[in-house]
Structure formats: C-alpha cells, structure tokens
Amino acid sequence: MEQNVPIIGGWMHRRIASALTESAVAGNWLAAQSLAVVFVFHADADVRKLAGQTLAQINYATGIDAVWGVWAETRNPGLEKIVLEYNRIANHPASVRLLSALRLSIQKNDVLTAITRGSADLIPSLIQACEDPDPRIAERAKHAILMLRNQASIDTLCRSWQANRSPLLRDIIKQAKYIAHKPADTRVLSALKINEIETVLHASADMVAPLVAACQDTDEEIAARARQCLPFLQDQAALDEFCRLWSETRSPLLENALLSARYQARGPAQVRLLTALKTGAQAAAEKTDPQGLPFLLQAVQDHDETIRQNAQQALLHLRDQETIDALCSRVIENEDPQAKEI
C-alpha cells in the first residue's frame with residue numbers, strides 16, 4: 001500500500017483497499033486492523049475514505065478489538081469517531097479494553113463499571129492511564145482507580161504500590177482506604193499505611209513475620225505504626241508465631257514487645273517454656289510435664305540470664321510428680337550433670 005507507482009499506483013491501492021474491505025466485512029480481524037492502519041496513515045484521501053466507510057460497518061468482536069487497538073496506538077481523531085460509534089468497549093487485550101472503556105466513559109459514565117468491577121489484569125494499564133497524555137482519559141482513570149470493587153484488583157494495586165512506593169499510588173490507597181487481602185505482607189503494609197490498625201492487631205499468623213519486617217520499613221510512618229502494634233496482637237495463633245520468631249532470633253525489638261505484652265505461647269513446648277521463663281510466668285514453668293523437662297534443663301544453660309535464673313527456680317519447685325520422677329530418673333540412669341545439680 002506504500003508504493004507510488006506512476007499512473008497505476010492509486011488504482012492498485014484502491015484495489016487492495018477493496019480486497020481488504022471485503023475481507024474485513026466478512027469477519028477477518030486482521031483485515032480490519034489493516035484497514036484501520038490504512039485509514040490513519042494512507043496518503044490517498046479516496047483510499048482513506050473507503051477504509052473509513054468499511055470500518056464503520058464492522059460489528060464483530062475481534063474486528064472491533066482490532067480497530068480499538070489501532071486507535072489506542074495512534075489516538076487518531078478520525079478513527080476515534082469511528083470506534084466511539086461502535087458504542088462498545090474492546091475485549092482484548094486488557095490494555096486496549098481499559099483504554100476503550102476510559103474513552104467511552106467520557107460520553108457514558110456507566111461504562112466505568114467495566115473498570116471498577118473489572119478483572120485485576122486491567123490494573124497495570126489503569127495505573128499507566130492515570131498519567132495519560134490525554135487529560136480526559138487521565139481524569140477518568142484517576143476517578144475509576146478510586147472506586148475499585150474487585151478485591152483482586154485492589155490486591156494488585158496494593159502490590160504495585162508496595163513494589164515501587166509511587167506517591168501517586170500511595171495517595172490513591174490512602175484516599176480510597178484500600179487494604180489488600182493477600183499476600184500477607186501486602187495486607188500488612190497497606191493496612192499500616194492507611195492506619196487501619198485493627199486489621200493488624202487481629203492479624204493471622206502469616207502476617208506476623210511481615211509485621212516484624214515492617215518495623216524496619218523505609219517509610220517511617222509504616223515502621224512506627226508496626227512497632228506500636230507488636231505488643232497488642234489479639235489472635236493466639238499470631239501470638240504463637242510471634243513467640244516462635246522471638247525464640248529463634250532473640251531480637252531486642254521482639255523482646256521488648258514480648259515483655260511489654262507478657263505474651264505466652266501455646267506451643268510448641270520449647271517456645272511455650274521459653275516465653276514463660278522470659279516473662280516470669282513461673283507457675284507455667286513449674287508445671288512443666290515430663291516431655292518439657294529436657295527443654296527446661298536446656299534453659300538452665302541459656303545465654304539469657306533471666307531465662308537461666310527462672311529455669312533454675314522452676315526446677316527447684318516442680319509441681320508435676322511425673323516430671324519430678326523423670327528428673328530423678330535422669331540422675332540415676334543417665335547421671336545427667338544438670339539434673340544431678342538440681
């Protein structure tokens with residue numbers, strides 16, 4: 001279509017355009033796409049007119065998708081008039097579906113529901129559209145992104161913010177009060193950022209490690225709120241996970257929260273015992289059963305002085321007779337030096 005052969009060039013171009021016309025009307029989306037390109041770029045006004053007339057007749061989904069796609073790439077005003085007459089958005093790909101919905105929504109506000117209730121695959125394009133060179137589209141995108149109703153879309157938006165900490169996305173999340181449901185680290189960070197503390201305080205176990213990590217976040221607002229939440233966790237499974245992390249890391253940050261809240265783990269046995277010893281819950285330590293005795297004896301050698309001293313006191317005041325018998329057996333049968341010393 002680009003050749004300029006003397007005399008016959010225009011005739012050939014019209015013949016080719018005519019062939020594309022027949023194919024496009026018959027349902028060939030590639031022909032429809034080619035005609036859209038011809039309409040935008042061809043130098044011959046007659047050829048462009050023929051292409052435009054044909055494009056206006058296209059009424060099948062793949063053809064409409066193709067024409068919207070060329071408009072999305074070129075933003076040609078003439079082609080824009082044609083696609084708006086379709087009065088329907090593109091289906092594929094997601095980026096073109098998004099742009100077509102935004103453009104059509106300028107005339108038909110209800111089209112925005114295709115975005116606000118649409119699938120999560122629209123979100124990357126929606127974020128990009130917030131800075132579209134067409135101010136009308138950018139305005140519609142910014143409006144739509146504050147009204148998301150699909151939780152998967154909200155999750156995707158929050159993950160995008162988490163990854164790049166964009167000021168634009170930060171402001172959107174705060175204004176719309178979006179909280180991700182998953183993954184756990186995104187849920188924690190988004191809840192902290194919008195100051196939805198109750199979500200964090202009732203965190204599930206899988207949110208504890210992300211909460212601890214958030215205490216060191218580069219965003220001081222997030223970090224400060226995370227540190228404030230640590231001593232006030234409400235869910236027992238989350239408390240167990242917190243205590244496990246403390247027992248493995250002996251982090252001063254976690255230790256301070258542990259002592260402030262006096263958290264007591266339910267299990268496993270070693271973690272339950274260590275938290276009891278660290279927080280001074282001597283009654284729990286003194287009730288150690290025979291299965292917990294090895295851990296109590298190990299605690300006598302712990303590098304933490306508080307744990308060592310409380311372990312020694314617990315061994316001297318054991319309340320469970322079976323545990324006392326087990327301690328004596330270790331002295332008699334194994335000559336356990338720690339047990340013998342007790």
# chains A, B, ... in the order shown; residues from 1 in each chain; ligands from 1
call {"tool": "residues_around", "arguments": {"residues": "segment 242-257 of chain A", "least_positions_apart": "6", "cutoff": "10 Å", "atoms": "only C-alpha atoms", "output": "PyMOL selection string"}}
result
chain A and resi 205+207-209+211-212+215+227-233+236+263-268+270-272+274-275+278-279+304
call {"tool": "write_last_selection", "arguments": {"atoms": "N, CA and C atoms", "output": "PDB file, in the first residue's frame"}}
result
ATOM      1  N   ALA A 205      -1.573 -15.590  61.735  1.00  0.00           N
ATOM      2  CA  ALA A 205      -0.181 -15.980  61.972  1.00  0.00           C
ATOM      3  C   ALA A 205       0.734 -15.634  60.807  1.00  0.00           C
ATOM      4  N   MET A 207       0.759 -13.141  59.020  1.00  0.00           N
ATOM      5  CA  MET A 207       1.023 -11.710  58.928  1.00  0.00           C
ATOM      6  C   MET A 207       2.073 -11.238  59.930  1.00  0.00           C
ATOM      7  N   VAL A 208       2.480 -12.120  60.842  1.00  0.00           N
ATOM      8  CA  VAL A 208       3.387 -11.689  61.911  1.00  0.00           C
ATOM      9  C   VAL A 208       4.781 -11.376  61.378  1.00  0.00           C
ATOM     10  N   ALA A 209       5.347 -12.264  60.581  1.00  0.00           N
ATOM     11  CA  ALA A 209       6.680 -12.002  60.028  1.00  0.00           C
ATOM     12  C   ALA A 209       6.693 -10.716  59.196  1.00  0.00           C
ATOM     13  N   LEU A 211       4.795  -8.171  59.640  1.00  0.00           N
ATOM     14  CA  LEU A 211       4.661  -7.074  60.598  1.00  0.00           C
ATOM     15  C   LEU A 211       6.003  -6.770  61.247  1.00  0.00           C
ATOM     16  N   VAL A 212       6.724  -7.803  61.606  1.00  0.00           N
ATOM     17  CA  VAL A 212       8.056  -7.608  62.194  1.00  0.00           C
ATOM     18  C   VAL A 212       8.971  -6.916  61.188  1.00  0.00           C
ATOM     19  N   CYS A 215       8.572  -3.181  60.812  1.00  0.00           N
ATOM     20  CA  CYS A 215       9.160  -2.336  61.853  1.00  0.00           C
ATOM     21  C   CYS A 215      10.445  -1.671  61.378  1.00  0.00           C
ATOM     22  N   ARG A 227       5.728  -0.937  64.907  1.00  0.00           N
ATOM     23  CA  ARG A 227       6.310  -1.118  66.248  1.00  0.00           C
ATOM     24  C   ARG A 227       5.249  -0.928  67.332  1.00  0.00           C
ATOM     25  N   GLN A 228       4.344  -0.011  67.104  1.00  0.00           N
ATOM     26  CA  GLN A 228       3.270   0.212  68.077  1.00  0.00           C
ATOM     27  C   GLN A 228       2.331  -0.986  68.174  1.00  0.00           C
ATOM     28  N   CYS A 229       2.172  -1.699  67.074  1.00  0.00           N
ATOM     29  CA  CYS A 229       1.241  -2.838  67.052  1.00  0.00           C
ATOM     30  C   CYS A 229       1.803  -4.088  67.723  1.00  0.00           C
ATOM     31  N   LEU A 230       3.105  -4.246  67.716  1.00  0.00           N
ATOM     32  CA  LEU A 230       3.710  -5.504  68.168  1.00  0.00           C
ATOM     33  C   LEU A 230       3.234  -5.976  69.543  1.00  0.00           C
ATOM     34  N   PRO A 231       3.090  -5.109  70.533  1.00  0.00           N
ATOM     35  CA  PRO A 231       2.684  -5.618  71.862  1.00  0.00           C
ATOM     36  C   PRO A 231       1.174  -5.807  72.030  1.00  0.00           C
ATOM     37  N   PHE A 232       0.402  -5.650  70.964  1.00  0.00           N
ATOM     38  CA  PHE A 232      -1.056  -5.667  71.136  1.00  0.00           C
ATOM     39  C   PHE A 232      -1.758  -6.662  70.216  1.00  0.00           C
ATOM     40  N   LEU A 233      -1.066  -7.690  69.794  1.00  0.00           N
ATOM     41  CA  LEU A 233      -1.670  -8.699  68.922  1.00  0.00           C
ATOM     42  C   LEU A 233      -2.763  -9.451  69.678  1.00  0.00           C
ATOM     43  N   GLN A 236      -4.413 -15.717  69.017  1.00  0.00           N
ATOM     44  CA  GLN A 236      -3.475 -16.612  69.689  1.00  0.00           C
ATOM     45  C   GLN A 236      -2.494 -17.248  68.710  1.00  0.00           C
ATOM     46  N   TYR A 263       3.365 -11.879  76.503  1.00  0.00           N
ATOM     47  CA  TYR A 263       2.792 -12.927  75.654  1.00  0.00           C
ATOM     48  C   TYR A 263       3.179 -14.305  76.163  1.00  0.00           C
ATOM     49  N   GLN A 264       2.243 -15.243  76.072  1.00  0.00           N
ATOM     50  CA  GLN A 264       2.502 -16.640  76.416  1.00  0.00           C
ATOM     51  C   GLN A 264       2.116 -17.507  75.224  1.00  0.00           C
ATOM     52  N   ALA A 265       3.079 -18.246  74.708  1.00  0.00           N
ATOM     53  CA  ALA A 265       2.799 -19.133  73.574  1.00  0.00           C
ATOM     54  C   ALA A 265       2.073 -20.386  74.052  1.00  0.00           C
ATOM     55  N   ARG A 266       1.227 -20.927  73.187  1.00  0.00           N
ATOM     56  CA  ARG A 266       0.589 -22.218  73.471  1.00  0.00           C
ATOM     57  C   ARG A 266       1.516 -23.361  73.095  1.00  0.00           C
ATOM     58  N   GLY A 267       2.333 -23.152  72.145  1.00  0.00           N
ATOM     59  CA  GLY A 267       3.210 -24.202  71.654  1.00  0.00           C
ATOM     60  C   GLY A 267       4.061 -23.684  70.524  1.00  0.00           C
ATOM     61  N   PRO A 268       5.034 -24.474  70.115  1.00  0.00           N
ATOM     62  CA  PRO A 268       5.401 -25.792  70.640  1.00  0.00           C
ATOM     63  C   PRO A 268       5.984 -25.700  72.054  1.00  0.00           C
ATOM     64  N   GLN A 270       8.842 -26.086  73.592  1.00  0.00           N
ATOM     65  CA  GLN A 270      10.046 -25.326  73.906  1.00  0.00           C
ATOM     66  C   GLN A 270       9.771 -23.823  73.888  1.00  0.00           C
ATOM     67  N   VAL A 271       8.999 -23.385  72.905  1.00  0.00           N
ATOM     68  CA  VAL A 271       8.681 -21.958  72.816  1.00  0.00           C
ATOM     69  C   VAL A 271       7.775 -21.549  73.972  1.00  0.00           C
ATOM     70  N   ARG A 272       6.815 -22.395  74.302  1.00  0.00           N
ATOM     71  CA  ARG A 272       5.927 -22.105  75.429  1.00  0.00           C
ATOM     72  C   ARG A 272       6.731 -21.935  76.718  1.00  0.00           C
ATOM     73  N   LEU A 274      10.033 -21.213  77.013  1.00  0.00           N
ATOM     74  CA  LEU A 274      10.936 -20.065  76.960  1.00  0.00           C
ATOM     75  C   LEU A 274      10.194 -18.756  77.210  1.00  0.00           C
ATOM     76  N   THR A 275       9.002 -18.625  76.637  1.00  0.00           N
ATOM     77  CA  THR A 275       8.254 -17.387  76.868  1.00  0.00           C
ATOM     78  C   THR A 275       7.824 -17.279  78.326  1.00  0.00           C
ATOM     79  N   LYS A 278      10.962 -16.248  80.236  1.00  0.00           N
ATOM     80  CA  LYS A 278      11.395 -14.877  79.938  1.00  0.00           C
ATOM     81  C   LYS A 278      10.470 -13.862  80.576  1.00  0.00           C
ATOM     82  N   THR A 279       9.179 -14.145  80.590  1.00  0.00           N
ATOM     83  CA  THR A 279       8.212 -13.175  81.118  1.00  0.00           C
ATOM     84  C   THR A 279       7.947 -13.364  82.608  1.00  0.00           C
ATOM     85  N   ASP A 304      20.578 -16.124  78.057  1.00  0.00           N
ATOM     86  CA  ASP A 304      19.781 -15.056  78.665  1.00  0.00           C
ATOM     87  C   ASP A 304      19.720 -15.300  80.170  1.00  0.00           C
TER      88      ASP A 304
END
call {"tool": "residues_around", "arguments": {"residues": "Trp71 of chain A", "least_positions_apart": "5", "cutoff": "12 Å", "atoms": "only C-alpha atoms", "output": "mmCIF file with C-alpha atoms, in the first residue's frame"}}
result
data_model
loop_
_atom_site.group_PDB
_atom_site.id
_atom_site.type_symbol
_atom_site.label_atom_id
_atom_site.label_comp_id
_atom_site.auth_asym_id
_atom_site.auth_seq_id
_atom_site.Cartn_x
_atom_site.Cartn_y
_atom_site.Cartn_z
ATOM 1 C CA GLN A 33 -6.742 -3.960 11.627
ATOM 2 C CA LEU A 35 -7.840 -1.070 7.149
ATOM 3 C CA ALA A 36 -7.578 0.919 10.364
ATOM 4 C CA VAL A 37 -3.881 1.443 9.672
ATOM 5 C CA PHE A 39 -7.332 4.914 7.409
ATOM 6 C CA VAL A 40 -4.780 6.559 9.685
ATOM 7 C CA PHE A 41 -1.680 6.607 7.517
ATOM 8 C CA ILE A 64 -13.847 -4.066 16.945
ATOM 9 C CA ASP A 65 -10.950 -5.099 19.196
ATOM 10 C CA ALA A 66 -8.556 -4.647 16.277
ATOM 11 C CA ASN A 76 -6.122 9.351 15.567
ATOM 12 C CA PRO A 77 -9.151 11.712 15.868
ATOM 13 C CA GLY A 78 -10.878 10.332 12.788
ATOM 14 C CA LEU A 79 -10.500 6.757 13.957
ATOM 15 C CA GLU A 80 -11.691 7.841 17.394
ATOM 16 C CA LYS A 81 -15.009 8.945 15.903
ATOM 17 C CA ILE A 82 -15.420 5.525 14.299
ATOM 18 C CA VAL A 83 -14.693 3.492 17.439
ATOM 19 C CA LEU A 84 -16.986 5.666 19.532
ATOM 20 C CA ALA A 90 -12.816 -3.791 23.311
ATOM 21 C CA VAL A 96 -6.954 -1.814 24.966
ATOM 22 C CA ARG A 97 -10.049 -2.883 26.916
ATOM 23 C CA LEU A 99 -8.374 2.495 27.271
ATOM 24 C CA SER A 100 -11.542 1.886 25.279
ATOM 25 C CA ARG A 103 -12.537 6.850 26.399
#
call {"tool": "residues_around", "arguments": {"residues": "Val38 of chain A", "least_positions_apart": "5", "cutoff": "8 Å", "atoms": "only C-alpha atoms", "output": "list in words"}}
result
Val47, Arg48 and Ala51 of chain A
call {"tool": "write_last_selection", "arguments": {"atoms": "N, CA and C atoms", "output": "PDB file, in the first residue's frame"}}
result
ATOM      1  N   VAL A  47      -8.706   6.477  -0.717  1.00  0.00           N
ATOM      2  CA  VAL A  47      -8.426   5.201  -0.056  1.00  0.00           C
ATOM      3  C   VAL A  47      -8.810   5.286   1.415  1.00  0.00           C
ATOM      4  N   ARG A  48      -8.476   6.404   2.049  1.00  0.00           N
ATOM      5  CA  ARG A  48      -8.829   6.582   3.466  1.00  0.00           C
ATOM      6  C   ARG A  48     -10.344   6.590   3.651  1.00  0.00           C
ATOM      7  N   ALA A  51     -11.666   3.086   3.402  1.00  0.00           N
ATOM      8  CA  ALA A  51     -11.332   2.350   4.628  1.00  0.00           C
ATOM      9  C   ALA A  51     -12.254   2.759   5.769  1.00  0.00           C
TER      10      ALA A  51
END
call {"tool": "closest_residue", "arguments": {"among": "A:Lys108, A:Arg88, A:His202, A:Arg159", "to": "Thr186 of chain A", "atoms": "only C-alpha atoms"}}
result
A:Arg159
call {"tool": "atom_distance", "arguments": {"atom1": "atom CA of Ile123 of chain A", "atom2": "atom CA of Ala144 of chain A"}}
result
10.5 Å
call {"tool": "closest_residue", "arguments": {"among": "A:Asp171, A:Glu220, A:Asp46, A:Asp320", "to": "Ala285 of chain A", "atoms": "only C-alpha atoms"}}
result
A:Asp320
call {"tool": "residues_around", "arguments": {"residues": "Ile106 of chain A", "least_positions_apart": "4", "cutoff": "9 Å", "atoms": "only C-alpha atoms", "output": "MDAnalysis selection string"}}
result
chainID A and resid 101:102 111 136:137 140
call {"tool": "write_last_selection", "arguments": {"atoms": "C-alpha atoms", "output": "PDB file, in the first residue's frame"}}
result
ATOM      1  CA  ALA A 101     -13.615   1.872  28.470  1.00  0.00           C
ATOM      2  CA  LEU A 102     -11.999   5.074  29.706  1.00  0.00           C
ATOM      3  CA  VAL A 111     -19.071   2.281  31.243  1.00  0.00           C
ATOM      4  CA  ARG A 136      -9.707  13.493  29.693  1.00  0.00           C
ATOM      5  CA  ILE A 137      -8.551   9.882  29.865  1.00  0.00           C
ATOM      6  CA  ARG A 140     -11.337   9.252  34.098  1.00  0.00           C
TER       7      ARG A 140
END
call {"tool": "closest_residue", "arguments": {"among": "A:Leu192, A:Leu55, A:Ala94, A:Ala45", "to": "Ala31 of chain A", "atoms": "only C-alpha atoms"}}
result
A:Leu55
call {"tool": "residues_around", "arguments": {"residues": "Ile194 of chain A", "least_positions_apart": "2", "cutoff": "12 Å", "atoms": "only C-alpha atoms", "output": "PyMOL selection string"}}
result
chain A and resi 158+170-180+187-192+196-200+221-222+225
call {"tool": "write_last_selection", "arguments": {"atoms": "N, CA and C atoms", "output": "PDB file, in the first residue's frame"}}
result
ATOM      1  N   CYS A 158      -2.379  -2.623  45.359  1.00  0.00           N
ATOM      2  CA  CYS A 158      -1.555  -2.515  46.571  1.00  0.00           C
ATOM      3  C   CYS A 158      -0.181  -3.139  46.363  1.00  0.00           C
ATOM      4  N   ARG A 170       0.412   5.705  46.454  1.00  0.00           N
ATOM      5  CA  ARG A 170       0.272   5.938  47.905  1.00  0.00           C
ATOM      6  C   ARG A 170      -0.955   6.801  48.185  1.00  0.00           C
ATOM      7  N   ASP A 171      -1.083   7.882  47.451  1.00  0.00           N
ATOM      8  CA  ASP A 171      -2.214   8.787  47.674  1.00  0.00           C
ATOM      9  C   ASP A 171      -3.543   8.114  47.333  1.00  0.00           C
ATOM     10  N   ILE A 172      -3.543   7.280  46.294  1.00  0.00           N
ATOM     11  CA  ILE A 172      -4.765   6.563  45.913  1.00  0.00           C
ATOM     12  C   ILE A 172      -5.188   5.606  47.020  1.00  0.00           C
ATOM     13  N   ILE A 173      -4.233   4.837  47.531  1.00  0.00           N
ATOM     14  CA  ILE A 173      -4.530   3.862  48.583  1.00  0.00           C
ATOM     15  C   ILE A 173      -5.051   4.558  49.842  1.00  0.00           C
ATOM     16  N   LYS A 174      -4.438   5.669  50.185  1.00  0.00           N
ATOM     17  CA  LYS A 174      -4.869   6.391  51.383  1.00  0.00           C
ATOM     18  C   LYS A 174      -6.243   7.025  51.188  1.00  0.00           C
ATOM     19  N   GLN A 175      -6.473   7.596  50.024  1.00  0.00           N
ATOM     20  CA  GLN A 175      -7.764   8.248  49.781  1.00  0.00           C
ATOM     21  C   GLN A 175      -8.901   7.239  49.706  1.00  0.00           C
ATOM     22  N   ALA A 176      -8.657   6.118  49.024  1.00  0.00           N
ATOM     23  CA  ALA A 176      -9.701   5.095  48.869  1.00  0.00           C
ATOM     24  C   ALA A 176      -9.750   4.129  50.044  1.00  0.00           C
ATOM     25  N   LYS A 177      -8.730   4.192  50.916  1.00  0.00           N
ATOM     26  CA  LYS A 177      -8.621   3.300  52.077  1.00  0.00           C
ATOM     27  C   LYS A 177      -8.604   1.832  51.646  1.00  0.00           C
ATOM     28  N   TYR A 178      -7.781   1.554  50.665  1.00  0.00           N
ATOM     29  CA  TYR A 178      -7.656   0.185  50.172  1.00  0.00           C
ATOM     30  C   TYR A 178      -6.756  -0.636  51.090  1.00  0.00           C
ATOM     31  N   ILE A 179      -7.189  -1.865  51.387  1.00  0.00           N
ATOM     32  CA  ILE A 179      -6.364  -2.834  52.111  1.00  0.00           C
ATOM     33  C   ILE A 179      -6.343  -4.114  51.296  1.00  0.00           C
ATOM     34  N   ALA A 180      -5.163  -4.604  51.018  1.00  0.00           N
ATOM     35  CA  ALA A 180      -5.051  -5.869  50.294  1.00  0.00           C
ATOM     36  C   ALA A 180      -5.494  -7.020  51.191  1.00  0.00           C
ATOM     37  N   ARG A 187      -0.915  -7.086  52.650  1.00  0.00           N
ATOM     38  CA  ARG A 187      -2.031  -6.757  53.550  1.00  0.00           C
ATOM     39  C   ARG A 187      -1.528  -5.950  54.746  1.00  0.00           C
ATOM     40  N   VAL A 188      -0.428  -6.380  55.323  1.00  0.00           N
ATOM     41  CA  VAL A 188       0.126  -5.675  56.481  1.00  0.00           C
ATOM     42  C   VAL A 188       0.534  -4.255  56.109  1.00  0.00           C
ATOM     43  N   LEU A 189       1.296  -4.116  55.037  1.00  0.00           N
ATOM     44  CA  LEU A 189       1.802  -2.798  54.660  1.00  0.00           C
ATOM     45  C   LEU A 189       0.675  -1.842  54.282  1.00  0.00           C
ATOM     46  N   SER A 190      -0.303  -2.335  53.530  1.00  0.00           N
ATOM     47  CA  SER A 190      -1.400  -1.451  53.128  1.00  0.00           C
ATOM     48  C   SER A 190      -2.233  -1.033  54.338  1.00  0.00           C
ATOM     49  N   ALA A 191      -2.470  -1.949  55.266  1.00  0.00           N
ATOM     50  CA  ALA A 191      -3.229  -1.607  56.472  1.00  0.00           C
ATOM     51  C   ALA A 191      -2.481  -0.585  57.323  1.00  0.00           C
ATOM     52  N   LEU A 192      -1.180  -0.774  57.453  1.00  0.00           N
ATOM     53  CA  LEU A 192      -0.383   0.177  58.223  1.00  0.00           C
ATOM     54  C   LEU A 192      -0.372   1.547  57.557  1.00  0.00           C
ATOM     55  N   GLU A 196      -5.056   1.543  59.396  1.00  0.00           N
ATOM     56  CA  GLU A 196      -6.140   0.631  59.766  1.00  0.00           C
ATOM     57  C   GLU A 196      -5.566  -0.376  60.766  1.00  0.00           C
ATOM     58  N   ILE A 197      -5.354   0.076  61.985  1.00  0.00           N
ATOM     59  CA  ILE A 197      -4.612  -0.684  62.981  1.00  0.00           C
ATOM     60  C   ILE A 197      -5.345  -1.953  63.405  1.00  0.00           C
ATOM     61  N   GLU A 198      -6.663  -1.926  63.465  1.00  0.00           N
ATOM     62  CA  GLU A 198      -7.415  -3.101  63.899  1.00  0.00           C
ATOM     63  C   GLU A 198      -7.125  -4.313  63.021  1.00  0.00           C
ATOM     64  N   THR A 199      -6.943  -4.075  61.731  1.00  0.00           N
ATOM     65  CA  THR A 199      -6.611  -5.176  60.823  1.00  0.00           C
ATOM     66  C   THR A 199      -5.308  -5.834  61.234  1.00  0.00           C
ATOM     67  N   VAL A 200      -4.361  -5.027  61.672  1.00  0.00           N
ATOM     68  CA  VAL A 200      -3.050  -5.549  62.072  1.00  0.00           C
ATOM     69  C   VAL A 200      -3.130  -6.211  63.440  1.00  0.00           C
ATOM     70  N   GLU A 221       6.563   6.201  58.726  1.00  0.00           N
ATOM     71  CA  GLU A 221       5.169   6.149  59.175  1.00  0.00           C
ATOM     72  C   GLU A 221       4.727   4.702  59.344  1.00  0.00           C
ATOM     73  N   ILE A 222       5.072   3.870  58.381  1.00  0.00           N
ATOM     74  CA  ILE A 222       4.751   2.442  58.456  1.00  0.00           C
ATOM     75  C   ILE A 222       5.523   1.791  59.594  1.00  0.00           C
ATOM     76  N   ARG A 225       4.159   2.678  63.112  1.00  0.00           N
ATOM     77  CA  ARG A 225       2.880   2.015  63.400  1.00  0.00           C
ATOM     78  C   ARG A 225       3.072   0.521  63.632  1.00  0.00           C
TER      79      ARG A 225
END
call {"tool": "atom_distance", "arguments": {"atom1": "atom CA of Gly63 of chain A", "atom2": "atom CA of Leu50 of chain A"}}
result
16.6 Å
call {"tool": "residues_around", "arguments": {"residues": "Gln291 of chain A", "least_positions_apart": "4", "cutoff": "9 Å", "atoms": "only C-alpha atoms", "output": "list in words"}}
result
Ala269, Phe295 and Thr323 of chain A
